[in-house]
Amino acid sequence: MTTHAPRLPFERTTELGPPPEFAALRAEQPLRRVGCPFGGDAWLATRYADVRKVYADPRFSRAATVDADVPRVSPAQTPPGGLFAMDPPEHSRLRKLVAGTFTMKNVQRWRPRTEQIVGGLVAGMREHGSPVDLVHHFSVPLPVTVICELLGVPATDRGYFERLSRLMLSTTAATGEEIDEAIGTLLDYLGRHVAERRARPSAQRSRDLLTDLVEARDESDRLSEQELVQMGVDLLVAGHETTANQLSNFTFTLLDTGLWSRLLEEPELLDTAVEELLRYVHLVNGGTTRIALEDVEFDGTVVRAGEAVIAAIGSANHDETVFEEPGRIKLDRSPNPHVGFGHGVHHCLGAQLARLELRAGLGALLREFPTLRLAGEKRDVPWREGQFVHGPTELMVAW
């Protein structure tokens with residue numbers, strides 16, 4: 001690596017647009033060697049086409065990162081047994097067990113309950129009075145309650161696994177030992193719920209996703225015990241962290257740019273607005289590592305077998321060759337082929353559920369609090385630091 005090579009992550013704790021380094025790299029060195037905080041150097045893909053290629057091409061492996069000291073933005077190594085650390089066919093086998101729950105048709109069955117949860121949170125905000133912390137009173141409890149009910153764990157445990165989730169998603173905010181300990185604690189937590197399912201006769205079990213997974217393990221041996229518990233952890237963490245942060249990020253962005261008023265005037269734009277905010281907001285600091293299983297060429301540059309590649313989704317979503325005026329938020333942008341939920345076999349399993357929660361949440365805030373505004377100065381909003389996922393730790397709003 002040359003002396004002037006950039007280093008990941010390009011973390012910006014006070015801005016929601018992508019770091020400026022990405023634009024220069026797309027124009028000049030779309031596939032560039034970068035230094036990672038842990039494990040050495042990697043290739044960084046910044047153009048839309050290259051990012052999609054890294055995500056979809058089976059020559060790039062997630063399984064090869066398991067328990068290996070590979071280039072990465074987190075001090076913790078990739079633990080085995082989870083969907084995020086597998087390649088097909090193992091990944092396909094596990095994903096099939098839960099994919100049906102997250103189809104558009106099945107997710108729509110959760111709409112009434114999601115809207116009921118949203119209504120309760122809105123009522124709680126009104127009872128608290130203006131100003132209120134949107135993160136604590138709305139953005140976090142909405143997806144946490146939904147995923148807890150879907151999975152079958154108590155939403156009252158929210159504070160417990162929120163803290164552990166933040167540790168798991170640390171880049172520089174926690175040590176590798178602290179992250180490993182948090183993972184182990186969550187595995188124990190889900191393991192206790194698995195044992196509880198087995199202790200109750202099947203006729204007494206509620207029909208939740210964890211029950212389905214236990215039956216898939218015990219009755220047809222379609223996954224191992226480790227895979228069962230790890231999947232529960234993955235679903236619990238992924239099922240609330242990104243959506244919770246995006247609810248706050250989106251609200252902040254709409255209020256900060258004045259686009260809140262546009263959506264009030266044209267509520268029919270809500271669906272395309274959510275897609276545009278998914279494209280625009282830079283959510284992930286750094287990215288997940290993949291290892292080339294053989295030599296792969298990118299427009300004249302060859303990634304050699306065994307080398308690491310990190311695909312920058314935030315950069316791909318601002319690629320000027322795909323998105324006209326990518327730095328401008330167009331609430332009616334269509335088509336909008338963003339990769340905010342990833343691409344290929346690891347495309348976010350819960351994408352439709354996240355869309356439901358984001359639309360229901362933002363829609364309710366617009367209807368119930370049309371005069372919503374930031375309760376203080378933009379510069380005073382505290383943001384998460386040293387975290388893989390970007391968002392405010394507190395967002396005080398008033399109406």
# chains A, B, ... in the order shown; residues from 1 in each chain; ligands from 1

call {"tool": "closest_atom_pairs", "arguments": {"of": "region 87-205 of chain A", "to": "region 336-359 of chain A", "cutoff": "10 Å", "atoms": "only C-alpha atoms", "output": "JSON lines"}}
result
{"residue": "A:Asp87", "atom": "CA", "partner": "A:Val345", "partner_atom": "CA", "distance": 8.4}
{"residue": "A:Pro88", "atom": "CA", "partner": "A:Val345", "partner_atom": "CA", "distance": 8.2}
{"residue": "A:His91", "atom": "CA", "partner": "A:Val345", "partner_atom": "CA", "distance": 8.3}
{"residue": "A:Ser92", "atom": "CA", "partner": "A:Val345", "partner_atom": "CA", "distance": 8.0}
{"residue": "A:Arg95", "atom": "CA", "partner": "A:Leu349", "partner_atom": "CA", "distance": 8.2}
{"residue": "A:Val98", "atom": "CA", "partner": "A:Leu349", "partner_atom": "CA", "distance": 8.6}
{"residue": "A:Ala99", "atom": "CA", "partner": "A:Leu349", "partner_atom": "CA", "distance": 6.9}
{"residue": "A:Gly100", "atom": "CA", "partner": "A:Leu349", "partner_atom": "CA", "distance": 9.8}
{"residue": "A:Thr101", "atom": "CA", "partner": "A:Gly350", "partner_atom": "CA", "distance": 9.0}
{"residue": "A:Phe102", "atom": "CA", "partner": "A:Gly350", "partner_atom": "CA", "distance": 5.9}
{"residue": "A:Thr103", "atom": "CA", "partner": "A:Gln352", "partner_atom": "CA", "distance": 7.0}
{"residue": "A:Met104", "atom": "CA", "partner": "A:Gln352", "partner_atom": "CA", "distance": 5.9}
{"residue": "A:Lys105", "atom": "CA", "partner": "A:Gln352", "partner_atom": "CA", "distance": 9.4}
{"residue": "A:Asn106", "atom": "CA", "partner": "A:Leu353", "partner_atom": "CA", "distance": 9.3}
{"residue": "A:Val107", "atom": "CA", "partner": "A:Leu353", "partner_atom": "CA", "distance": 5.9}
{"residue": "A:Gln108", "atom": "CA", "partner": "A:Leu356", "partner_atom": "CA", "distance": 7.8}
{"residue": "A:Trp110", "atom": "CA", "partner": "A:Leu353", "partner_atom": "CA", "distance": 8.4}
{"residue": "A:Arg111", "atom": "CA", "partner": "A:Leu356", "partner_atom": "CA", "distance": 7.1}
{"residue": "A:Thr114", "atom": "CA", "partner": "A:Glu357", "partner_atom": "CA", "distance": 7.0}
{"residue": "A:Glu115", "atom": "CA", "partner": "A:Glu357", "partner_atom": "CA", "distance": 8.6}
{"residue": "A:Val118", "atom": "CA", "partner": "A:Glu357", "partner_atom": "CA", "distance": 8.8}
{"residue": "A:Ser139", "atom": "CA", "partner": "A:Leu358", "partner_atom": "CA", "distance": 9.4}
{"residue": "A:Leu142", "atom": "CA", "partner": "A:Glu357", "partner_atom": "CA", "distance": 7.5}
{"residue": "A:Pro143", "atom": "CA", "partner": "A:Glu357", "partner_atom": "CA", "distance": 6.8}
{"residue": "A:Val146", "atom": "CA", "partner": "A:Glu357", "partner_atom": "CA", "distance": 8.6}
{"residue": "A:Ile147", "atom": "CA", "partner": "A:Leu353", "partner_atom": "CA", "distance": 9.3}

call {"tool": "select_by_dssp", "arguments": {"residues": "region 3-140 of chain A", "states": "strand (DSSP E or B)", "output": "list of chain:residue names"}}
result
A:Arg7, A:Leu31, A:Arg32, A:Arg33, A:Val34, A:Gly35, A:Phe38, A:Asp41, A:Ala42, A:Trp43, A:Leu44, A:Ala45, A:Phe60, A:Ser61, A:Val66, A:Arg72, A:Thr78, A:Val132, A:Asp133

call {"tool": "write_last_selection", "arguments": {"atoms": "C-alpha atoms", "output": "CSV table (one decimal), in the first residue's frame"}}
result
chain,number,residue,atom,x,y,z
A,7,ARG,CA,-8.1,4.3,5.3
A,31,LEU,CA,-11.2,0.0,-7.3
A,32,ARG,CA,-8.6,1.2,-4.8
A,33,ARG,CA,-6.4,-0.4,-2.2
A,34,VAL,CA,-7.3,0.9,1.2
A,35,GLY,CA,-6.0,0.4,4.7
A,38,PHE,CA,-7.9,-4.4,11.4
A,41,ASP,CA,-5.3,-3.8,3.3
A,42,ALA,CA,-8.3,-4.5,1.1
A,43,TRP,CA,-9.7,-3.4,-2.2
A,44,LEU,CA,-12.5,-0.9,-2.0
A,45,ALA,CA,-15.2,-0.9,-4.7
A,60,PHE,CA,-16.5,-13.4,-3.6
A,61,SER,CA,-17.0,-15.3,-0.4
A,66,VAL,CA,-15.0,-16.8,9.3
A,72,ARG,CA,-12.2,-5.4,8.2
A,78,THR,CA,-16.6,-13.0,11.8
A,132,VAL,CA,-39.4,14.5,23.1
A,133,ASP,CA,-36.5,12.3,22.2

call {"tool": "closest_residue", "arguments": {"among": "A:Arg290, A:Arg333, A:Arg367, A:His318", "to": "Asp57 (chain A)", "atoms": "only C-alpha atoms"}}
result
A:Arg290

call {"tool": "residues_around", "arguments": {"residues": "region 227-240 of chain A", "least_positions_apart": "5", "cutoff": "7 Å", "atoms": "only C-alpha atoms", "output": "PyMOL selection string"}}
result
chain A and resi 81-83+143-144+147+165+186-187+190-191+213+350

call {"tool": "select_by_dssp", "arguments": {"residues": "region 298-354 of chain A", "states": "helix (DSSP H, G or I)", "output": "list of chain:residue names"}}
result
A:Ile313, A:Gly314, A:Ser315, A:Ala316, A:Gly344, A:Val345, A:His346, A:Ala351, A:Gln352, A:Leu353, A:Ala354

call {"tool": "closest_residue", "arguments": {"among": "A:Met396, A:Ala182, A:Leu97, A:Val303", "to": "Arg217 (chain A)", "atoms": "only C-alpha atoms"}}
result
A:Leu97

call {"tool": "closest_residue", "arguments": {"among": "A:Pro370, A:Gly124, A:Pro75, A:Pro112", "to": "Trp260 (chain A)", "atoms": "only C-alpha atoms"}}
result
A:Pro370

call {"tool": "closest_residue", "arguments": {"among": "A:Ala24, A:Ala123, A:Leu264, A:Val70", "to": "Ala308 (chain A)", "atoms": "only C-alpha atoms"}}
result
A:Val70

call {"tool": "residues_around", "arguments": {"residues": "Asp256 (chain A)", "least_positions_apart": "6", "cutoff": "12 Å", "atoms": "only C-alpha atoms", "output": "PyMOL selection string"}}
result
chain A and resi 15-16+248-250+329+372-379+381+397

call {"tool": "closest_residue", "arguments": {"among": "A:Leu259, A:Gln77, A:Glu368, A:Gly184", "to": "Ser170 (chain A)", "atoms": "only C-alpha atoms"}}
result
A:Gln77

call {"tool": "atom_distance", "arguments": {"atom1": "CA of Asp221 (chain A)", "atom2": "CA of Glu90 (chain A)"}}
result
13.8 Å
